[in-house]
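Shown next: run-v4.cif, containing mmCIF, C-alpha atoms.
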data_work
loop_
_atom_site.label_atom_id
_atom_site.label_comp_id
_atom_site.auth_asym_id
_atom_site.auth_seq_id
_atom_site.Cartn_x
_atom_site.Cartn_y
_atom_site.Cartn_z
CA MET A 136 14.81 -27.08 68.08
CA ALA A 137 18.56 -26.75 67.53
CA VAL A 138 20.06 -23.27 67.77
CA THR A 139 21.85 -22.29 64.54
CA SER A 140 24.20 -19.42 63.89
CA SER A 141 23.05 -16.48 61.80
CA PRO A 142 24.15 -16.36 58.14
CA GLN A 143 27.52 -14.69 57.61
CA VAL A 144 26.09 -12.11 55.22
CA LEU A 145 23.94 -10.63 57.99
CA GLY A 146 26.99 -9.75 60.05
CA VAL A 147 28.82 -8.44 57.01
CA LEU A 148 26.03 -6.15 55.85
CA ALA A 149 24.90 -5.08 59.33
CA HIS A 150 27.94 -2.84 59.80
CA ASP A 151 27.11 0.76 58.82
CA LEU A 152 30.31 1.45 56.89
CA ARG A 153 30.17 -1.84 54.98
CA TRP A 154 26.53 -1.16 54.14
CA ARG A 155 27.54 2.29 52.89
CA ILE A 156 30.34 0.84 50.75
CA VAL A 157 27.96 -1.70 49.21
CA GLY A 158 25.56 1.11 48.33
CA LEU A 159 28.34 3.15 46.73
CA LEU A 160 29.40 0.19 44.56
CA VAL A 161 25.92 -0.67 43.28
CA PRO A 162 26.04 1.68 40.24
CA GLY A 163 29.66 0.93 39.28
CA ASP A 164 33.27 0.39 40.32
CA LEU A 165 35.26 2.81 42.48
CA ARG A 166 38.90 3.25 43.42
CA THR A 167 39.92 3.03 47.07
CA GLY A 168 40.49 6.77 47.32
CA GLU A 169 37.05 7.51 45.92
CA ILE A 170 35.42 5.32 48.57
CA VAL A 171 37.48 7.06 51.25
CA ALA A 172 36.37 10.47 49.94
CA ARG A 173 32.69 9.54 49.72
CA THR A 174 32.50 7.92 53.15
CA GLY A 175 34.74 10.43 54.92
CA GLN A 176 36.45 7.57 56.78
CA PRO A 177 40.21 6.92 57.21
CA PRO A 178 41.87 4.89 54.44
CA SER A 179 42.93 2.14 56.87
CA LEU A 180 39.35 1.69 58.09
CA VAL A 181 37.94 1.62 54.56
CA SER A 182 40.58 -0.93 53.51
CA TYR A 183 39.73 -3.15 56.47
CA HIS A 184 36.03 -3.21 55.67
CA LEU A 185 36.68 -3.72 51.95
CA GLY A 186 38.70 -6.75 53.04
CA ARG A 187 35.72 -8.07 54.99
CA LEU A 188 33.47 -7.64 51.96
CA ARG A 189 36.01 -9.43 49.75
CA ALA A 190 36.30 -12.28 52.25
CA ALA A 191 32.53 -12.69 52.11
CA GLY A 192 32.68 -12.96 48.32
CA LEU A 193 30.62 -9.81 47.77
CA VAL A 194 33.33 -7.48 46.42
CA SER A 195 36.27 -8.08 44.11
CA ALA A 196 39.38 -5.94 43.54
CA ARG A 197 41.43 -5.40 40.38
CA ARG A 198 44.44 -3.24 39.66
CA SER A 199 43.73 -0.26 37.43
CA ALA A 200 44.86 -0.77 33.84
CA ALA A 201 45.63 2.95 33.69
CA ASP A 202 47.56 3.26 36.97
CA GLY A 203 48.72 -0.04 38.42
CA ARG A 204 49.27 1.59 41.80
CA ASP A 205 45.52 2.02 42.21
CA THR A 206 42.75 -0.54 42.68
CA TYR A 207 39.14 -0.70 41.49
CA HIS A 208 36.55 -2.41 43.68
CA ALA A 209 33.46 -4.05 42.15
CA LEU A 210 30.31 -5.36 43.80
CA ASP A 211 29.17 -8.84 42.74
CA LEU A 212 25.41 -8.31 42.55
CA ASP A 213 24.76 -11.95 41.69
CA ALA A 214 26.63 -13.08 44.81
CA LEU A 215 24.81 -10.50 46.92
CA GLY A 216 21.47 -11.62 45.52
CA ARG A 217 22.21 -15.27 46.28
CA ALA A 218 23.31 -14.41 49.81
CA VAL A 219 20.21 -12.35 50.57
CA ALA A 220 17.96 -14.98 49.01
CA GLY A 221 19.69 -17.61 51.16
CA VAL A 222 18.93 -15.60 54.29
CA ALA A 223 15.26 -15.32 53.31
CA ASP A 224 15.11 -19.06 52.62
CA ARG A 225 16.59 -19.90 56.02
CA ILE A 226 13.94 -17.81 57.75
CA HIS A 227 11.08 -19.36 55.74
CA PRO A 228 11.20 -21.17 52.38
CA GLY A 229 8.26 -19.18 51.04
CA LEU A 230 9.42 -15.76 52.21
CA LEU A 231 11.25 -14.57 49.11
CA ALA A 232 8.70 -15.90 46.62
CA GLY A 233 5.88 -14.33 48.61
CA ALA A 234 7.58 -10.94 48.75
CA LEU A 235 8.20 -10.95 45.01
CA ALA A 236 4.62 -11.96 44.26
CA ASP A 237 3.19 -9.31 46.59
CA THR A 238 5.17 -6.50 44.96
CA GLY A 239 4.60 -7.74 41.42
CA ARG A 240 8.33 -7.68 40.75
CA ALA A 241 8.90 -11.32 39.80
CA ARG A 242 10.62 -11.18 36.41
CA ASP A 243 12.85 -13.26 34.26
CA HIS A 244 15.85 -10.93 34.45
CA ASP A 245 18.00 -13.38 32.54
CA SER A 246 16.81 -12.99 29.01
CA ARG A 247 13.26 -11.67 28.54
CA VAL A 248 11.90 -8.18 29.05
CA PRO A 249 8.32 -7.23 28.08
CA PRO A 250 8.23 -5.60 24.64
CA ALA A 251 8.19 -1.85 24.46
CA PRO A 252 4.78 -0.23 24.35
CA ALA A 253 3.81 1.16 20.96
CA GLY A 254 4.91 4.76 20.53
CA GLY A 255 4.46 7.44 17.97
CA PRO A 256 7.17 8.70 15.63
CA GLY A 257 8.49 11.08 18.26
CA SER A 258 8.51 8.62 21.16
CA ARG A 259 11.76 8.41 23.16
CA THR A 260 13.34 5.86 25.44
CA ALA A 261 15.99 6.00 28.17
CA GLU A 262 19.43 6.28 26.59
CA ALA A 263 22.80 4.94 27.72
CA LEU A 264 26.29 5.42 26.33
CA PHE A 265 29.17 2.97 26.80
CA ILE A 266 32.74 4.23 26.34
CA CYS A 267 36.06 2.39 26.09
CA THR A 268 39.37 3.32 24.52
CA GLY A 269 39.01 1.79 21.07
CA ASN A 270 35.25 1.20 20.77
CA SER A 271 36.35 -2.10 19.24
CA ALA A 272 35.16 -4.69 21.79
CA ARG A 273 33.88 -3.87 25.27
CA SER A 274 31.69 -0.87 24.51
CA PRO A 275 29.95 -2.25 21.39
CA MET A 276 29.42 -5.55 23.23
CA ALA A 277 27.83 -3.74 26.19
CA ALA A 278 25.62 -1.58 23.99
CA ALA A 279 24.50 -4.63 22.03
CA TRP A 280 23.56 -6.46 25.23
CA LEU A 281 21.50 -3.53 26.49
CA ASN A 282 19.69 -3.12 23.18
CA HIS A 283 19.11 -6.88 23.03
CA LEU A 284 17.89 -7.37 26.59
CA GLY A 285 15.99 -4.08 26.61
CA ALA A 286 13.82 -5.22 23.71
CA GLY A 287 13.19 -1.69 22.50
CA ARG A 288 12.65 -0.06 25.87
CA VAL A 289 16.08 1.53 26.00
CA THR A 290 18.56 2.87 23.47
CA ALA A 291 22.26 2.09 23.89
CA ARG A 292 25.17 3.56 21.98
CA SER A 293 28.93 3.18 22.22
CA ALA A 294 31.99 5.30 21.50
CA GLY A 295 35.76 5.31 21.91
CA VAL A 296 38.49 7.73 22.90
CA THR A 297 40.68 6.55 20.00
CA PRO A 298 38.35 4.43 17.84
CA ALA A 299 39.64 1.27 16.17
CA PRO A 300 37.99 -1.37 13.96
CA LEU A 301 35.71 -3.94 15.57
CA HIS A 302 37.67 -6.89 16.92
CA PRO A 303 36.49 -10.05 15.10
CA LEU A 304 36.59 -12.10 18.31
CA ALA A 305 34.18 -9.65 19.95
CA ALA A 306 31.73 -10.28 17.13
CA ALA A 307 32.29 -14.04 17.42
CA ALA A 308 31.70 -14.10 21.19
CA MET A 309 28.45 -12.15 20.89
CA ALA A 310 27.28 -14.25 17.96
CA GLU A 311 27.35 -17.29 20.26
CA HIS A 312 24.53 -15.59 22.20
CA GLY A 313 22.58 -14.71 19.07
CA VAL A 314 23.60 -11.04 19.17
CA ASP A 315 25.02 -9.67 15.90
CA ILE A 316 27.46 -6.74 16.19
CA SER A 317 29.23 -7.34 12.88
CA ALA A 318 27.92 -4.07 11.41
CA HIS A 319 29.33 -1.95 14.25
CA GLU A 320 31.15 1.22 13.13
CA PRO A 321 33.57 2.78 15.67
CA THR A 322 32.50 6.24 16.88
CA PRO A 323 34.70 8.93 18.45
CA VAL A 324 33.42 10.25 21.80
CA GLY A 325 33.75 13.77 20.42
CA ASP A 326 31.03 13.06 17.86
CA LEU A 327 28.51 12.83 20.70
CA THR A 328 29.28 16.20 22.27
CA GLY A 329 26.06 18.08 22.88
CA GLN A 330 23.96 14.95 23.28
CA ARG A 331 22.57 13.96 26.67
CA PHE A 332 22.14 10.46 28.10
CA ASN A 333 20.46 8.94 31.13
CA ARG A 334 23.70 7.17 31.95
CA VAL A 335 27.26 7.22 30.62
CA ILE A 336 29.34 4.18 31.54
CA THR A 337 33.08 3.95 31.03
CA LEU A 338 34.32 0.38 30.67
CA CYS A 339 38.04 1.03 30.40
CA ASP A 340 40.24 2.37 33.21
CA ARG A 341 42.28 4.36 30.71
CA ALA A 342 39.15 5.86 29.17
CA ARG A 343 37.80 6.82 32.55
CA GLU A 344 40.99 8.39 33.82
CA LYS A 345 42.25 10.03 30.64
CA CYS A 346 39.38 10.85 28.29
CA GLY A 347 38.59 14.31 29.71
CA ASP A 348 35.08 15.70 29.32
CA LEU A 349 32.31 13.17 28.78
CA PRO A 350 28.94 13.71 27.08
CA ALA A 351 26.29 15.08 29.43
CA ALA A 352 24.43 12.51 31.50
CA SER A 353 22.20 12.20 34.55
CA ASP A 354 24.66 9.65 35.96
CA VAL A 355 28.24 8.75 35.04
CA VAL A 356 29.63 5.47 36.40
CA HIS A 357 32.56 3.16 35.72
CA TRP A 358 32.77 -0.58 35.17
CA SER A 359 36.37 -1.75 35.35
CA ILE A 360 36.36 -4.42 32.63
CA PRO A 361 39.69 -5.93 31.51
CA ASN A 362 40.42 -5.60 27.80
CA PRO A 363 40.04 -9.10 26.31
CA ALA A 364 42.32 -8.11 23.44
CA GLU A 365 45.18 -7.82 25.96
CA ALA A 366 44.91 -11.46 27.03
CA HIS A 367 48.07 -13.45 26.31
CA PRO A 368 47.47 -14.69 23.74
CA PRO A 369 44.16 -13.08 22.76
CA ASP A 370 41.66 -15.87 22.21
CA LEU A 371 37.94 -16.39 22.00
CA ASP A 372 37.68 -17.52 25.63
CA ALA A 373 38.80 -14.08 26.84
CA PHE A 374 36.08 -12.43 24.76
CA ARG A 375 33.54 -14.99 25.95
CA ALA A 376 34.37 -14.08 29.55
CA THR A 377 33.92 -10.38 28.75
CA ALA A 378 30.58 -11.08 27.07
CA ARG A 379 29.38 -12.96 30.16
CA GLU A 380 30.47 -10.23 32.58
CA LEU A 381 28.90 -7.49 30.49
CA ARG A 382 25.68 -9.46 30.19
CA THR A 383 25.45 -9.77 33.97
CA ARG A 384 26.14 -6.10 34.56
CA VAL A 385 23.71 -4.98 31.86
CA ARG A 386 21.03 -7.27 33.31
CA TYR A 387 21.19 -5.28 36.54
CA LEU A 388 21.41 -1.93 34.75
CA LEU A 389 18.28 -2.52 32.69
CA PRO A 390 15.65 -2.16 35.47
CA VAL A 391 17.37 1.03 36.64
CA LEU A 392 17.15 2.54 33.17
CA LEU A 393 13.55 1.43 32.74
CA GLU A 394 12.67 3.55 35.78
CA SER A 395 14.72 6.57 34.58
CA PRO A 396 12.90 9.63 33.27
CA VAL A 397 13.47 10.09 29.55
CA GLN A 398 15.97 12.84 28.79
CA PRO A 399 14.69 15.82 26.79
CA GLY A 400 15.64 15.71 23.15
#

Could the structure of this file be written out as structure tokens, please?
Amino acid sequence: MAVTSSPQVLGVLAHDLRWRIVGLLVPGDLRTGEIVARTGQPPSLVSYHLGRLRAAGLVSARRSAADGRDTYHALDLDALGRAVAGVADRIHPGLLAGALADTGRARDHDSRVPPAPAGGPGSRTAEALFICTGNSARSPMAAAWLNHLGAGRVTARSAGVTPAPLHPLAAAAMAEHGVDISAHEPTPVGDLTGQRFNRVITLCDRAREKCGDLPAASDVVHWSIPNPAEAHPPDLDAFRATARELRTRVRYLLPVLLESPVQPG
């Protein structure tokens, strides 16, 4: 039998600091300095290992829209999933399928979630809040995806730091997926003061860095999503790309929220 080299992803993930960085980026995006602070490692070492993760196609980097001197790093969970699945397949073609069957976790994460169990009038679900600057595109799109894919098992809302009317191209991009957000009404973040969520997610670098106090939540994370309205020129393709990215991120958020304890009312 011919000797073959081990898959690249094994070497990439086997390093303790890279493994730690991957874990930190699972919930959301972080700036370089935040990763340095959370790992307690020198900036040069963190930058080197972020470079290794980028070279492996597992992490991407994007300049902050709020402060162009800073950089947000994002984990590509789809790429990580494909890489890990590829490792399992190289060991044995039935390994991954067998593990999923044994744990009862085989699901169609792409579009279908089992319907919510019947609940009484006072029944509650896990709640998430998406925030961007204008509440005109990214945050209503994200909330709509979570409500759509969650099929009643979660409740998603959205708000803005300085609310603006819904962008028509945001509605058009979501309509292509059968999700109607045309009735969305922009909501100021301040209107939600005093409410508590399982997770608050900022989608805009400016909102994250400049919005001040956020509504109470068990977890607060950031997804650094470019504003499709700032594309030059703004066109439907930019909003389609945003819809696709949000759909992917929400697809991975959903099982986390389904396992979250419901917040007290």

Env of range 332-349 of chain A: 8 Å cut, atoms = only C-alpha atoms, seq-sep filter 4 positions within chain, self excluded. Answer as an MDAnalysis selection string.
chainID A and resid 199:201 261:268 273:274 296 324 328 353:362 392 395:398

Among A:Leu165, A:Ala218, A:Ile170, A:Leu185, Gln143 in chain A is approached most closely, using all atoms listed in the file, by A:Ala218

Suppose you want the space between CA of Asp213 in chain A and CA of Leu284 in chain A; what is it in Å?
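Separation between CA of Asp213 in chain A and CA of Leu284 in chain A: 17.2 Å.
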
Could you list as a list of chain:residue names every residue that has an atom within 9 Å of (34.4, 2.9, 59.9), using the file's coordinates and counting all atoms listed in the file?
A:His150, A:Asp151, A:Leu152, A:Arg153, A:Thr174, A:Gln176, A:Pro177, A:Leu180, A:Val181, A:Tyr183, A:His184

Contacts of Trp280 in chain A within 9 Å, only C-alpha atoms, excl. fewer than 3 positions in-chain, as a short mmCIF file (atom, residue, chain, number, x, y, z; two decimals) with C-alpha atoms, keeping the file's coordinate frame:
data_model
loop_
_atom_site.label_atom_id
_atom_site.label_comp_id
_atom_site.auth_asym_id
_atom_site.auth_seq_id
_atom_site.Cartn_x
_atom_site.Cartn_y
_atom_site.Cartn_z
CA PRO A 275 29.95 -2.25 21.39
CA MET A 276 29.42 -5.55 23.23
CA ALA A 277 27.83 -3.74 26.19
CA HIS A 283 19.11 -6.88 23.03
CA LEU A 284 17.89 -7.37 26.59
CA GLY A 285 15.99 -4.08 26.61
CA ALA A 291 22.26 2.09 23.89
CA MET A 309 28.45 -12.15 20.89
CA VAL A 314 23.60 -11.04 19.17
CA ALA A 378 30.58 -11.08 27.07
CA LEU A 381 28.90 -7.49 30.49
CA ARG A 382 25.68 -9.46 30.19
CA VAL A 385 23.71 -4.98 31.86
CA ARG A 386 21.03 -7.27 33.31
#

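Distances here use all atoms listed in the file; by that measure, the residue among A:Thr377, A:Gly203, A:Ala366, A:Leu371 closest to Ala307 in chain A is A:Leu371.
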
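Counting all atoms listed in the file, the residue from A:Pro178, A:Asp315, A:Gly221, A:Ser271 that sits nearest to Thr297 in chain A is A:Ser271.
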
Pick out the closest residue to Arg331 in chain A from this set: A:Ala279, A:Ala351, A:Ser317, A:Gly295. Count all atoms listed in the file.
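Under the stated criterion, the closest residue is A:Ala351.
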
As an mmCIF file, in the coordinates of the input, the rebuilt range 269-303 of chain A with N, CA and C atoms:
data_model
loop_
_atom_site.group_PDB
_atom_site.id
_atom_site.type_symbol
_atom_site.label_atom_id
_atom_site.label_comp_id
_atom_site.auth_asym_id
_atom_site.auth_seq_id
_atom_site.Cartn_x
_atom_site.Cartn_y
_atom_site.Cartn_z
ATOM 1 N N GLY A 269 39.042 1.984 22.507
ATOM 2 C CA GLY A 269 39.010 1.790 21.070
ATOM 3 C C GLY A 269 37.640 1.644 20.454
ATOM 4 N N ASN A 270 36.591 1.462 21.294
ATOM 5 C CA ASN A 270 35.250 1.200 20.770
ATOM 6 C C ASN A 270 35.278 0.007 19.815
ATOM 7 N N SER A 271 36.162 -0.951 20.130
ATOM 8 C CA SER A 271 36.350 -2.100 19.240
ATOM 9 C C SER A 271 35.882 -3.412 19.847
ATOM 10 N N ALA A 272 35.578 -3.432 21.159
ATOM 11 C CA ALA A 272 35.160 -4.690 21.790
ATOM 12 C C ALA A 272 34.190 -4.433 22.941
ATOM 13 N N ARG A 273 34.715 -3.961 24.073
ATOM 14 C CA ARG A 273 33.880 -3.870 25.270
ATOM 15 C C ARG A 273 32.650 -2.986 25.100
ATOM 16 N N SER A 274 32.838 -1.774 24.589
ATOM 17 C CA SER A 274 31.690 -0.870 24.510
ATOM 18 C C SER A 274 30.640 -1.303 23.484
ATOM 19 N N PRO A 275 31.016 -1.762 22.283
ATOM 20 C CA PRO A 275 29.950 -2.250 21.390
ATOM 21 C C PRO A 275 29.284 -3.512 21.913
ATOM 22 N N MET A 276 30.024 -4.360 22.645
ATOM 23 C CA MET A 276 29.420 -5.550 23.230
ATOM 24 C C MET A 276 28.390 -5.149 24.287
ATOM 25 N N ALA A 277 28.751 -4.177 25.142
ATOM 26 C CA ALA A 277 27.830 -3.740 26.190
ATOM 27 C C ALA A 277 26.589 -3.096 25.596
ATOM 28 N N ALA A 278 26.771 -2.235 24.610
ATOM 29 C CA ALA A 278 25.620 -1.580 23.990
ATOM 30 C C ALA A 278 24.705 -2.601 23.319
ATOM 31 N N ALA A 279 25.300 -3.591 22.685
ATOM 32 C CA ALA A 279 24.500 -4.630 22.030
ATOM 33 C C ALA A 279 23.685 -5.423 23.047
ATOM 34 N N TRP A 280 24.301 -5.744 24.196
ATOM 35 C CA TRP A 280 23.560 -6.460 25.230
ATOM 36 C C TRP A 280 22.374 -5.638 25.722
ATOM 37 N N LEU A 281 22.591 -4.343 25.962
ATOM 38 C CA LEU A 281 21.500 -3.530 26.490
ATOM 39 C C LEU A 281 20.376 -3.390 25.460
ATOM 40 N N ASN A 282 20.728 -3.189 24.212
ATOM 41 C CA ASN A 282 19.690 -3.120 23.180
ATOM 42 C C ASN A 282 18.960 -4.456 23.050
ATOM 43 N N HIS A 283 19.704 -5.550 23.174
ATOM 44 C CA HIS A 283 19.110 -6.880 23.030
ATOM 45 C C HIS A 283 18.175 -7.198 24.210
ATOM 46 N N LEU A 284 18.686 -7.040 25.412
ATOM 47 C CA LEU A 284 17.890 -7.370 26.590
ATOM 48 C C LEU A 284 16.782 -6.353 26.844
ATOM 49 N N GLY A 285 16.998 -5.120 26.403
ATOM 50 C CA GLY A 285 15.990 -4.080 26.610
ATOM 51 C C GLY A 285 14.810 -4.184 25.677
ATOM 52 N N ALA A 286 14.941 -4.939 24.611
ATOM 53 C CA ALA A 286 13.820 -5.220 23.710
ATOM 54 C C ALA A 286 13.072 -3.954 23.291
ATOM 55 N N GLY A 287 13.823 -2.896 22.997
ATOM 56 C CA GLY A 287 13.190 -1.690 22.500
ATOM 57 C C GLY A 287 12.839 -0.669 23.551
ATOM 58 N N ARG A 288 13.000 -1.005 24.804
ATOM 59 C CA ARG A 288 12.650 -0.060 25.870
ATOM 60 C C ARG A 288 13.770 0.913 26.213
ATOM 61 N N VAL A 289 14.949 0.637 25.768
ATOM 62 C CA VAL A 289 16.080 1.530 26.000
ATOM 63 C C VAL A 289 16.859 1.643 24.694
ATOM 64 N N THR A 290 17.677 2.682 24.619
ATOM 65 C CA THR A 290 18.560 2.870 23.470
ATOM 66 C C THR A 290 19.989 2.933 23.990
ATOM 67 N N ALA A 291 20.858 2.112 23.463
ATOM 68 C CA ALA A 291 22.260 2.090 23.890
ATOM 69 C C ALA A 291 23.143 2.418 22.708
ATOM 70 N N ARG A 292 24.176 3.223 22.984
ATOM 71 C CA ARG A 292 25.170 3.560 21.980
ATOM 72 C C ARG A 292 26.551 3.331 22.580
ATOM 73 N N SER A 293 27.562 3.365 21.733
ATOM 74 C CA SER A 293 28.930 3.180 22.220
ATOM 75 C C SER A 293 29.856 4.110 21.466
ATOM 76 N N ALA A 294 30.998 4.410 22.110
ATOM 77 C CA ALA A 294 31.990 5.300 21.500
ATOM 78 C C ALA A 294 33.349 4.999 22.091
ATOM 79 N N GLY A 295 34.397 5.547 21.450
ATOM 80 C CA GLY A 295 35.760 5.310 21.910
ATOM 81 C C GLY A 295 36.572 6.587 21.954
ATOM 82 N N VAL A 296 37.582 6.589 22.804
ATOM 83 C CA VAL A 296 38.490 7.730 22.900
ATOM 84 C C VAL A 296 39.368 7.796 21.652
ATOM 85 N N THR A 297 39.906 6.652 21.249
ATOM 86 C CA THR A 297 40.680 6.550 20.000
ATOM 87 C C THR A 297 40.128 5.351 19.236
ATOM 88 N N PRO A 298 39.070 5.543 18.459
ATOM 89 C CA PRO A 298 38.350 4.430 17.840
ATOM 90 C C PRO A 298 39.237 3.554 16.952
ATOM 91 N N ALA A 299 38.934 2.260 16.985
ATOM 92 C CA ALA A 299 39.640 1.270 16.170
ATOM 93 C C ALA A 299 38.594 0.304 15.601
ATOM 94 N N PRO A 300 38.951 -0.449 14.562
ATOM 95 C CA PRO A 300 37.990 -1.370 13.960
ATOM 96 C C PRO A 300 37.495 -2.420 14.955
ATOM 97 N N LEU A 301 36.290 -2.898 14.729
ATOM 98 C CA LEU A 301 35.710 -3.940 15.570
ATOM 99 C C LEU A 301 36.602 -5.167 15.599
ATOM 100 N N HIS A 302 36.858 -5.681 16.801
ATOM 101 C CA HIS A 302 37.670 -6.890 16.920
ATOM 102 C C HIS A 302 36.821 -8.096 16.495
ATOM 103 N N PRO A 303 37.309 -8.919 15.589
ATOM 104 C CA PRO A 303 36.490 -10.050 15.100
ATOM 105 C C PRO A 303 36.102 -11.030 16.207
#
